[in-house]
file target_13.csv (CSV, C-alpha atoms)
chain,number,residue,atom,x,y,z
A,1,MET,CA,-10.8,9.4,-12.3
A,2,TRP,CA,-9.4,7.5,-9.3
A,3,ARG,CA,-9.9,9.5,-6.1
A,4,ALA,CA,-8.1,9.3,-2.8
A,5,GLY,CA,-9.4,10.9,0.3
A,6,ILE,CA,-7.1,11.1,3.3
A,7,VAL,CA,-8.3,11.9,6.9
A,8,THR,CA,-5.3,13.2,8.7
A,9,LEU,CA,-4.2,15.6,11.4
A,10,PHE,CA,-1.2,16.5,9.1
A,11,PRO,CA,-2.7,17.4,5.7
A,12,GLU,CA,0.5,19.1,4.8
A,13,MET,CA,2.2,15.7,4.5
A,14,PHE,CA,0.2,15.2,1.2
A,15,PRO,CA,0.9,14.8,-1.6
A,16,GLY,CA,4.5,14.8,-0.4
A,17,PRO,CA,6.5,12.3,-2.5
A,18,LEU,CA,3.3,11.5,-4.5
A,19,GLY,CA,3.7,14.9,-6.1
A,20,LEU,CA,6.8,13.7,-7.8
A,21,SER,CA,7.8,11.2,-10.5
A,22,LEU,CA,5.1,8.9,-12.0
A,23,ALA,CA,2.5,9.6,-9.3
A,24,GLY,CA,3.1,13.4,-9.5
A,25,ARG,CA,2.8,13.5,-13.3
A,26,ALA,CA,-0.4,11.4,-13.1
A,27,LEU,CA,-1.8,13.7,-10.4
A,28,GLY,CA,-1.0,16.8,-12.6
A,29,ALA,CA,-2.6,15.1,-15.6
A,30,GLY,CA,-5.8,14.3,-13.8
A,31,THR,CA,-5.4,10.6,-13.8
A,32,TRP,CA,-6.1,10.6,-10.1
A,33,ALA,CA,-7.2,13.2,-7.5
A,34,LEU,CA,-6.2,13.7,-3.8
A,35,GLU,CA,-8.2,15.4,-1.1
A,36,THR,CA,-7.3,15.7,2.6
A,37,VAL,CA,-9.7,16.3,5.5
A,38,ASP,CA,-8.4,17.5,8.9
A,39,PRO,CA,-10.4,16.1,11.8
A,40,ARG,CA,-9.6,19.3,13.8
A,41,ASP,CA,-12.0,21.0,11.4
A,42,HIS,CA,-14.8,18.8,12.7
A,43,ALA,CA,-14.1,19.2,16.5
A,44,THR,CA,-16.7,21.1,18.5
A,45,ASP,CA,-14.8,22.8,21.3
A,46,ARG,CA,-12.7,25.9,21.1
A,47,HIS,CA,-9.5,23.9,21.5
A,48,ARG,CA,-10.4,21.8,18.4
A,49,SER,CA,-9.8,18.6,20.4
A,50,VAL,CA,-9.5,15.4,18.5
A,51,ASP,CA,-8.4,13.0,21.3
A,52,ASP,CA,-9.0,12.2,25.0
A,53,THR,CA,-7.7,9.9,27.7
A,54,PRO,CA,-8.1,6.1,27.3
A,55,ALA,CA,-11.1,4.5,29.0
A,56,GLY,CA,-9.8,2.3,31.7
A,57,GLY,CA,-6.7,4.3,32.2
A,58,GLY,CA,-3.2,4.0,30.7
A,59,PRO,CA,-0.7,6.2,28.9
A,60,GLY,CA,-1.2,8.5,26.0
A,61,MET,CA,-4.4,9.6,24.3
A,62,VAL,CA,-7.0,8.0,22.0
A,63,MET,CA,-8.6,9.6,18.9
A,64,ARG,CA,-12.3,10.4,19.5
A,65,VAL,CA,-14.9,8.4,17.6
A,66,ASP,CA,-17.3,11.4,17.2
A,67,VAL,CA,-14.8,13.8,15.7
A,68,LEU,CA,-13.3,11.2,13.3
A,69,ALA,CA,-16.8,10.0,12.3
A,70,ARG,CA,-17.6,13.6,11.2
A,71,ALA,CA,-14.3,13.9,9.3
A,72,ILE,CA,-14.9,10.6,7.5
A,73,ASP,CA,-18.4,11.7,6.6
A,74,ALA,CA,-17.0,14.8,5.1
A,75,ALA,CA,-14.4,12.8,3.1
A,76,ALA,CA,-16.9,10.2,1.9
A,77,PRO,CA,-20.5,11.5,1.9
A,78,ALA,CA,-23.5,9.2,1.7
A,79,GLY,CA,-23.4,7.2,-1.6
A,80,ASP,CA,-19.6,7.2,-1.9
A,81,GLY,CA,-18.7,3.6,-2.7
A,82,ARG,CA,-15.0,3.9,-2.2
A,83,PRO,CA,-13.5,1.4,0.4
A,84,ARG,CA,-12.8,3.0,3.7
A,85,LEU,CA,-9.4,2.0,5.1
A,86,VAL,CA,-7.6,2.8,8.4
A,87,MET,CA,-3.9,2.3,8.7
A,88,THR,CA,-3.0,0.4,11.8
A,89,PRO,CA,-0.3,-2.2,12.8
A,90,ARG,CA,-3.1,-4.6,13.9
A,91,GLY,CA,-4.7,-4.7,10.5
A,92,ARG,CA,-4.5,-7.3,7.8
A,93,PRO,CA,-1.2,-7.1,5.9
A,94,LEU,CA,-1.4,-5.2,2.6
A,95,THR,CA,-0.8,-7.4,-0.4
A,96,GLN,CA,-0.2,-6.8,-4.0
A,97,ALA,CA,-3.5,-8.6,-4.8
A,98,ARG,CA,-5.4,-6.2,-2.5
A,99,VAL,CA,-3.6,-3.2,-4.1
A,100,ARG,CA,-4.7,-4.4,-7.6
A,101,GLU,CA,-8.3,-4.6,-6.3
A,102,LEU,CA,-8.2,-1.1,-4.9
A,103,ALA,CA,-6.5,0.3,-8.1
A,104,ALA,CA,-9.3,-1.2,-10.2
A,105,GLY,CA,-12.0,0.6,-8.2
A,106,GLU,CA,-13.1,4.2,-7.8
A,107,GLY,CA,-10.4,5.0,-5.3
A,108,VAL,CA,-10.0,4.9,-1.5
A,109,VAL,CA,-10.7,6.8,1.7
A,110,VAL,CA,-7.8,6.4,4.2
A,111,VAL,CA,-8.0,7.3,7.8
A,112,CYS,CA,-4.6,8.0,9.5
A,113,GLY,CA,-4.5,7.3,13.2
A,114,ARG,CA,-2.3,9.0,15.7
A,115,PHE,CA,-1.5,8.8,19.5
A,116,GLU,CA,-2.4,5.5,21.1
A,117,GLY,CA,-4.9,4.6,18.4
A,118,ILE,CA,-8.6,5.2,17.5
A,119,ASP,CA,-11.7,4.5,19.5
A,120,GLU,CA,-12.7,1.0,18.5
A,121,ARG,CA,-16.4,1.9,17.9
A,122,LEU,CA,-15.4,3.8,14.8
A,123,MET,CA,-14.4,0.6,12.9
A,124,ALA,CA,-17.9,-0.8,12.8
A,125,ALA,CA,-19.7,2.6,12.8
A,126,ARG,CA,-18.0,3.6,9.5
A,127,GLY,CA,-17.1,0.2,8.1
A,128,LEU,CA,-13.4,0.6,8.2
A,129,GLU,CA,-11.0,-2.0,6.8
A,130,GLU,CA,-7.9,-2.2,9.1
A,131,VAL,CA,-4.7,-2.3,7.0
A,132,SER,CA,-1.1,-2.9,8.0
A,133,VAL,CA,1.9,-2.2,5.8
A,134,ALA,CA,4.4,-4.0,8.0
A,135,ASP,CA,5.0,-5.5,11.4
A,136,VAL,CA,6.3,-2.2,12.7
A,137,VAL,CA,4.8,0.7,14.7
A,138,LEU,CA,5.0,4.2,13.1
A,139,SER,CA,4.2,7.6,14.6
A,140,GLY,CA,1.0,7.7,12.6
A,141,GLY,CA,-0.8,6.3,9.6
A,142,GLU,CA,0.4,8.9,7.1
A,143,ILE,CA,3.5,7.1,6.0
A,144,GLY,CA,1.5,3.9,5.5
A,145,ALA,CA,-1.1,5.8,3.5
A,146,LEU,CA,1.5,7.2,1.2
A,147,LEU,CA,2.9,3.7,0.6
A,148,LEU,CA,-0.6,2.4,-0.1
A,149,LEU,CA,-1.4,5.2,-2.5
A,150,ASP,CA,1.9,4.9,-4.4
A,151,ALA,CA,1.2,1.1,-4.8
A,152,CYS,CA,-2.2,1.8,-6.2
A,153,VAL,CA,-1.5,4.9,-8.4
A,154,ARG,CA,1.4,3.2,-10.3
A,155,LEU,CA,-1.1,0.5,-11.5
A,156,LEU,CA,-3.6,3.0,-12.9
A,157,PRO,CA,-3.8,2.9,-16.7
A,158,GLY,CA,-1.2,5.0,-18.4
A,159,VAL,CA,0.8,5.8,-15.3
A,160,MET,CA,3.7,3.3,-16.1
A,161,GLY,CA,5.1,3.6,-19.5
A,162,HIS,CA,5.2,-0.1,-20.5
A,163,PRO,CA,2.0,-2.1,-20.1
A,164,ASP,CA,3.9,-5.1,-18.8
A,165,SER,CA,5.7,-3.1,-16.0
A,166,GLY,CA,3.0,-4.0,-13.5
A,167,THR,CA,3.0,-7.7,-14.3
A,168,GLU,CA,6.6,-8.7,-14.4
A,169,GLU,CA,7.6,-7.7,-10.8
A,170,SER,CA,7.6,-9.1,-7.3
A,171,PHE,CA,4.3,-10.7,-6.1
A,172,SER,CA,2.7,-10.5,-9.5
A,173,ALA,CA,2.8,-14.3,-9.8
A,174,GLY,CA,3.2,-15.1,-6.1
A,175,LEU,CA,7.0,-14.9,-6.4
A,176,LEU,CA,9.7,-12.3,-5.8
A,177,GLU,CA,11.1,-10.7,-8.9
A,178,TYR,CA,14.1,-12.1,-10.7
A,179,PRO,CA,17.4,-10.0,-10.5
A,180,GLN,CA,17.9,-7.3,-13.1
A,181,TYR,CA,21.1,-6.2,-14.9
A,182,THR,CA,22.1,-3.4,-17.4
A,183,ARG,CA,25.2,-1.7,-18.8
A,184,PRO,CA,28.1,-1.7,-18.3
A,185,ALA,CA,28.7,-5.3,-19.3
A,186,LEU,CA,31.5,-5.6,-16.7
A,187,PHE,CA,31.5,-3.9,-13.2
A,188,GLU,CA,34.5,-4.4,-10.9
A,189,GLY,CA,35.3,-7.7,-12.6
A,190,VAL,CA,31.7,-9.0,-12.4
A,191,GLY,CA,29.8,-9.5,-15.7
A,192,ILE,CA,26.2,-9.8,-16.6
A,193,PRO,CA,25.0,-13.5,-16.7
A,194,GLU,CA,25.7,-14.8,-20.2
A,195,VAL,CA,22.1,-16.1,-20.6
A,196,LEU,CA,20.8,-12.5,-20.6
A,197,THR,CA,23.0,-11.5,-23.5
A,198,SER,CA,22.4,-14.7,-25.5
A,199,GLY,CA,19.4,-13.5,-27.4
A,200,ASP,CA,17.6,-16.7,-26.6
A,201,HIS,CA,14.3,-15.5,-25.2
A,202,ALA,CA,13.0,-18.8,-24.1
A,203,ARG,CA,16.2,-19.5,-22.2
A,204,VAL,CA,16.1,-16.0,-20.6
A,205,ALA,CA,12.5,-16.7,-19.5
A,206,ARG,CA,13.5,-20.1,-18.0
A,207,TRP,CA,16.5,-18.4,-16.2
A,208,ARG,CA,14.3,-15.6,-14.8
A,209,ARG,CA,11.7,-18.1,-13.6
A,210,ALA,CA,14.4,-20.2,-11.8
A,211,GLN,CA,15.9,-17.1,-10.2
A,212,ALA,CA,12.5,-15.9,-9.0
A,213,GLU,CA,11.8,-19.3,-7.5
A,214,ALA,CA,15.2,-19.5,-5.8
A,215,ALA,CA,14.9,-16.0,-4.3
A,216,THR,CA,11.4,-16.7,-3.0
A,217,ARG,CA,12.3,-20.0,-1.5
A,218,GLU,CA,15.3,-18.5,0.3
A,219,ARG,CA,14.0,-15.2,1.4
A,220,ARG,CA,10.2,-15.7,1.8
A,221,PRO,CA,9.4,-19.3,2.7
A,222,ASP,CA,5.8,-18.1,3.5
A,223,LEU,CA,5.3,-17.0,-0.1
A,224,TRP,CA,7.0,-20.1,-1.5
A,225,ALA,CA,4.7,-22.4,0.5
A,226,ALA,CA,1.7,-20.5,-0.7
A,227,HIS,CA,3.0,-20.6,-4.3
A,228,CYS,CA,3.6,-24.4,-4.2
A,229,ALA,CA,0.3,-25.3,-2.4
A,230,PRO,CA,-2.1,-24.9,-5.3
A,231,HIS,CA,-0.1,-27.0,-7.6
A,232,ASP,CA,0.3,-30.3,-5.8
A,233,GLY,CA,-0.3,-29.8,-2.1
A,234,SER,CA,3.3,-30.6,-1.1
A,235,ALA,CA,4.2,-27.1,-0.1
A,236,THR,CA,5.8,-28.3,3.1
A,237,GLU,CA,8.2,-30.7,1.3
A,238,LYS,CA,9.1,-28.1,-1.4
A,239,ALA,CA,9.6,-25.3,1.1

call {"tool": "encode", "arguments": {"input": "target_13.csv", "output": "structure tokens"}}
result
Amino acid sequence: MWRAGIVTLFPEMFPGPLGLSLAGRALGAGTWALETVDPRDHATDRHRSVDDTPAGGGPGMVMRVDVLARAIDAAAPAGDGRPRLVMTPRGRPLTQARVRELAAGEGVVVVCGRFEGIDERLMAARGLEEVSVADVVLSGGEIGALLLLDACVRLLPGVMGHPDSGTEESFSAGLLEYPQYTRPALFEGVGIPEVLTSGDHARVARWRRAQAEAATRERRPDLWAAHCAPHDGSATEKA
């Protein structure tokens, strides 16, 4: 069973949307498990304090290293081999390749920061991998954690109905996904591209590939350059 442990000041946010649809059905079926740990339960003062003023001065509060360390140890005791992640805008961008690696493992432990951030000493002390889901700043790590878990859970065996659903989509081959169509055949005067109704599977495959390449080249030149580079080294010219 794939296991997710979440260290969060707001455990009531979970499973949230992950309790619905594909992820929710998989959770109910025991395909994956979710546990939350509230750092407040590991505070030592009567106020259950989890933060303090920043060293060196400045606005806001910083989450305490000692309290969070105890919470992480509760979520992942000694011998737990799951990767320990912390959601932060200064982390490495989350990629589909990393999601596939995480989904193929035992699960994850995710630390959700709040306030001005987390005491830096925690990163090395508990071997945290800093992860960012976008170049934006959120109120806390919980929304990013939900995104990460959804991306992983949908790849677990049996969660998606069709075995190819996780392979023919954006980022699976370094490209954005080709456009999709379905009935009705005509909508407000616009029809489905003829190639998709031709019955010629090879022609459909070529069209989809061309569409995926065009969308990637136009919308994500960074992905296009990376996609072209391994082939002939002329990514700059093709981009």

call {"tool": "atom_distance", "arguments": {"input": "target_13.csv", "atom1": "CA of Ala205 in chain A", "atom2": "CA of Tyr178 in chain A"}}
result
10.1 Å

call {"tool": "residues_near_point", "arguments": {"input": "target_13.csv", "point": "(-2.5, 2.0, -13.0)", "cutoff": "10 Å", "atoms": "only C-alpha atoms", "output": "list in words"}}
result
Trp2, Ala23, Ala26, Thr31, Trp32, Arg100, Ala103, Ala104, Ala151, Cys152, Val153, Arg154, Leu155, Leu156, Pro157, Gly158, Val159, Met160, Pro163 and Gly166 of chain A

call {"tool": "residues_around", "arguments": {"input": "target_13.csv", "residues": "Glu177 in chain A", "least_positions_apart": "6", "cutoff": "9 Å", "atoms": "only C-alpha atoms", "output": "ChimeraX atom specification"}}
result
/A:168-171,208-209,211-213,215-216

call {"tool": "atom_distance", "arguments": {"input": "target_13.csv", "atom1": "CA of His227 in chain A", "atom2": "CA of Gly161 in chain A"}}
result
28.7 Å

call {"tool": "closest_residue", "arguments": {"input": "target_13.csv", "among": "A:Met61, A:Asp150, A:Asp222, A:Val195", "to": "Gly24 in chain A", "atoms": "only C-alpha atoms"}}
result
A:Asp150

call {"tool": "atom_distance", "arguments": {"input": "target_13.csv", "atom1": "CA of Gly60 in chain A", "atom2": "CA of Phe115 in chain A"}}
result
6.5 Å

call {"tool": "residues_around", "arguments": {"input": "target_13.csv", "residues": "Ala214 in chain A", "least_positions_apart": "6", "cutoff": "12 Å", "atoms": "all atoms listed in the file", "output": "tab-separated table (two decimals) with C-alpha atoms, keeping the file's coordinate frame"}}
result
chain	number	residue	atom	x	y	z
A	175	LEU	CA	7.00	-14.90	-6.40
A	176	LEU	CA	9.70	-12.30	-5.80
A	177	GLU	CA	11.10	-10.70	-8.90
A	178	TYR	CA	14.10	-12.10	-10.70
A	179	PRO	CA	17.40	-10.00	-10.50
A	207	TRP	CA	16.50	-18.40	-16.20
A	208	ARG	CA	14.30	-15.60	-14.80
A	220	ARG	CA	10.20	-15.70	1.80
A	221	PRO	CA	9.40	-19.30	2.70
A	223	LEU	CA	5.30	-17.00	-0.10
A	224	TRP	CA	7.00	-20.10	-1.50
A	238	LYS	CA	9.10	-28.10	-1.40
A	239	ALA	CA	9.60	-25.30	1.10

call {"tool": "closest_residue", "arguments": {"input": "target_13.csv", "among": "A:Ile6, A:Val65, A:Leu94, A:Leu20", "to": "Asp135 in chain A", "atoms": "all atoms listed in the file"}}
result
A:Leu94

call {"tool": "residues_around", "arguments": {"input": "target_13.csv", "residues": "Leu122 in chain A", "least_positions_apart": "4", "cutoff": "12 Å", "atoms": "only C-alpha atoms", "output": "list in words"}}
result
Val62, Met63, Arg64, Val65, Asp66, Val67, Leu68, Ala69, Arg70, Ala71, Ile72, Asp73, Arg84, Leu85, Val86, Val111, Gly113, Gly117, Ile118, Arg126, Gly127, Leu128, Glu129 and Glu130 of chain A

call {"tool": "write_last_selection", "arguments": {"input": "target_13.csv", "atoms": "C-alpha atoms", "output": "PDB file, in the frame of the given file"}}
result
ATOM      1  CA  VAL A  62      -7.000   8.000  22.000  1.00  0.00           C
ATOM      2  CA  MET A  63      -8.600   9.600  18.900  1.00  0.00           C
ATOM      3  CA  ARG A  64     -12.300  10.400  19.500  1.00  0.00           C
ATOM      4  CA  VAL A  65     -14.900   8.400  17.600  1.00  0.00           C
ATOM      5  CA  ASP A  66     -17.300  11.400  17.200  1.00  0.00           C
ATOM      6  CA  VAL A  67     -14.800  13.800  15.700  1.00  0.00           C
ATOM      7  CA  LEU A  68     -13.300  11.200  13.300  1.00  0.00           C
ATOM      8  CA  ALA A  69     -16.800  10.000  12.300  1.00  0.00           C
ATOM      9  CA  ARG A  70     -17.600  13.600  11.200  1.00  0.00           C
ATOM     10  CA  ALA A  71     -14.300  13.900   9.300  1.00  0.00           C
ATOM     11  CA  ILE A  72     -14.900  10.600   7.500  1.00  0.00           C
ATOM     12  CA  ASP A  73     -18.400  11.700   6.600  1.00  0.00           C
ATOM     13  CA  ARG A  84     -12.800   3.000   3.700  1.00  0.00           C
ATOM     14  CA  LEU A  85      -9.400   2.000   5.100  1.00  0.00           C
ATOM     15  CA  VAL A  86      -7.600   2.800   8.400  1.00  0.00           C
ATOM     16  CA  VAL A 111      -8.000   7.300   7.800  1.00  0.00           C
ATOM     17  CA  GLY A 113      -4.500   7.300  13.200  1.00  0.00           C
ATOM     18  CA  GLY A 117      -4.900   4.600  18.400  1.00  0.00           C
ATOM     19  CA  ILE A 118      -8.600   5.200  17.500  1.00  0.00           C
ATOM     20  CA  ARG A 126     -18.000   3.600   9.500  1.00  0.00           C
ATOM     21  CA  GLY A 127     -17.100   0.200   8.100  1.00  0.00           C
ATOM     22  CA  LEU A 128     -13.400   0.600   8.200  1.00  0.00           C
ATOM     23  CA  GLU A 129     -11.000  -2.000   6.800  1.00  0.00           C
ATOM     24  CA  GLU A 130      -7.900  -2.200   9.100  1.00  0.00           C
TER      25      GLU A 130
END

call {"tool": "closest_residue", "arguments": {"input": "target_13.csv", "among": "A:Ala229, A:Ala43, A:Ala55, A:Cys112", "to": "Met13 in chain A", "atoms": "only C-alpha atoms"}}
result
A:Cys112

call {"tool": "closest_residue", "arguments": {"input": "target_13.csv", "among": "A:Leu149, A:Leu22, A:Met87, A:Ile143", "to": "Leu34 in chain A", "atoms": "only C-alpha atoms"}}
result
A:Leu149

call {"tool": "build_atoms", "arguments": {"input": "target_13.csv", "residues": "range 41-69 of chain A", "atoms": "N, CA and C atoms", "output": "JSON list (two decimals), keeping the file's coordinate frame"}}
result
[["chain", "number", "residue", "atom", "x", "y", "z"],
["A", 41, "ASP", "N", -10.97, 20.19, 11.96],
["A", 41, "ASP", "CA", -12.00, 21.00, 11.40],
["A", 41, "ASP", "C", -13.40, 20.55, 11.78],
["A", 42, "HIS", "N", -13.48, 19.36, 12.38],
["A", 42, "HIS", "CA", -14.80, 18.80, 12.70],
["A", 42, "HIS", "C", -14.91, 18.60, 14.25],
["A", 43, "ALA", "N", -13.98, 19.21, 15.01],
["A", 43, "ALA", "CA", -14.10, 19.20, 16.50],
["A", 43, "ALA", "C", -15.11, 20.32, 16.85],
["A", 44, "THR", "N", -15.67, 20.22, 18.05],
["A", 44, "THR", "CA", -16.70, 21.10, 18.50],
["A", 44, "THR", "C", -16.33, 22.09, 19.58],
["A", 45, "ASP", "N", -15.17, 21.89, 20.19],
["A", 45, "ASP", "CA", -14.80, 22.80, 21.30],
["A", 45, "ASP", "C", -13.77, 23.80, 20.78],
["A", 46, "ARG", "N", -13.53, 24.82, 21.56],
["A", 46, "ARG", "CA", -12.70, 25.90, 21.10],
["A", 46, "ARG", "C", -11.22, 25.50, 20.98],
["A", 47, "HIS", "N", -10.83, 24.38, 21.59],
["A", 47, "HIS", "CA", -9.50, 23.90, 21.50],
["A", 47, "HIS", "C", -9.29, 22.96, 20.26],
["A", 48, "ARG", "N", -10.36, 22.69, 19.55],
["A", 48, "ARG", "CA", -10.40, 21.80, 18.40],
["A", 48, "ARG", "C", -9.80, 20.41, 18.80],
["A", 49, "SER", "N", -10.30, 19.88, 19.89],
["A", 49, "SER", "CA", -9.80, 18.60, 20.40],
["A", 49, "SER", "C", -10.19, 17.43, 19.57],
["A", 50, "VAL", "N", -9.24, 16.55, 19.34],
["A", 50, "VAL", "CA", -9.50, 15.40, 18.50],
["A", 50, "VAL", "C", -9.23, 14.08, 19.32],
["A", 51, "ASP", "N", -8.76, 14.21, 20.56],
["A", 51, "ASP", "CA", -8.40, 13.00, 21.30],
["A", 51, "ASP", "C", -8.81, 13.22, 22.79],
["A", 52, "ASP", "N", -8.73, 12.11, 23.54],
["A", 52, "ASP", "CA", -9.00, 12.20, 25.00],
["A", 52, "ASP", "C", -8.33, 10.99, 25.64],
["A", 53, "THR", "N", -8.37, 10.96, 26.97],
["A", 53, "THR", "CA", -7.70, 9.90, 27.70],
["A", 53, "THR", "C", -8.32, 8.55, 27.50],
["A", 54, "PRO", "N", -7.55, 7.47, 27.54],
["A", 54, "PRO", "CA", -8.10, 6.10, 27.30],
["A", 54, "PRO", "C", -9.07, 5.70, 28.39],
["A", 55, "ALA", "N", -10.20, 5.13, 28.00],
["A", 55, "ALA", "CA", -11.10, 4.50, 29.00],
["A", 55, "ALA", "C", -10.41, 3.37, 29.65],
["A", 56, "GLY", "N", -10.50, 3.31, 30.96],
["A", 56, "GLY", "CA", -9.80, 2.30, 31.70],
["A", 56, "GLY", "C", -8.43, 2.63, 32.15],
["A", 57, "GLY", "N", -7.97, 3.83, 31.76],
["A", 57, "GLY", "CA", -6.70, 4.30, 32.20],
["A", 57, "GLY", "C", -5.56, 3.84, 31.26],
["A", 58, "GLY", "N", -4.38, 4.35, 31.51],
["A", 58, "GLY", "CA", -3.20, 4.00, 30.70],
["A", 58, "GLY", "C", -2.59, 5.23, 30.09],
["A", 59, "PRO", "N", -1.42, 5.05, 29.45],
["A", 59, "PRO", "CA", -0.70, 6.20, 28.90],
["A", 59, "PRO", "C", -1.27, 6.70, 27.61],
["A", 60, "GLY", "N", -0.89, 7.91, 27.26],
["A", 60, "GLY", "CA", -1.20, 8.50, 26.00],
["A", 60, "GLY", "C", -2.67, 8.90, 25.82],
["A", 61, "MET", "N", -3.05, 9.15, 24.58],
["A", 61, "MET", "CA", -4.40, 9.60, 24.30],
["A", 61, "MET", "C", -4.96, 8.79, 23.12],
["A", 62, "VAL", "N", -6.28, 8.80, 23.01],
["A", 62, "VAL", "CA", -7.00, 8.00, 22.00],
["A", 62, "VAL", "C", -7.81, 8.99, 21.13],
["A", 63, "MET", "N", -7.81, 8.78, 19.82],
["A", 63, "MET", "CA", -8.60, 9.60, 18.90],
["A", 63, "MET", "C", -10.07, 9.40, 19.10],
["A", 64, "ARG", "N", -10.83, 10.48, 19.17],
["A", 64, "ARG", "CA", -12.30, 10.40, 19.50],
["A", 64, "ARG", "C", -13.09, 9.90, 18.32],
["A", 65, "VAL", "N", -14.05, 9.04, 18.65],
["A", 65, "VAL", "CA", -14.90, 8.40, 17.60],
["A", 65, "VAL", "C", -15.82, 9.48, 16.97],
["A", 66, "ASP", "N", -16.36, 10.42, 17.75],
["A", 66, "ASP", "CA", -17.30, 11.40, 17.20],
["A", 66, "ASP", "C", -16.66, 12.33, 16.20],
["A", 67, "VAL", "N", -15.48, 12.83, 16.56],
["A", 67, "VAL", "CA", -14.80, 13.80, 15.70],
["A", 67, "VAL", "C", -14.34, 13.09, 14.40],
["A", 68, "LEU", "N", -13.78, 11.90, 14.53],
["A", 68, "LEU", "CA", -13.30, 11.20, 13.30],
["A", 68, "LEU", "C", -14.48, 10.78, 12.45],
["A", 69, "ALA", "N", -15.60, 10.41, 13.05],
["A", 69, "ALA", "CA", -16.80, 10.00, 12.30],
["A", 69, "ALA", "C", -17.23, 11.19, 11.39]]
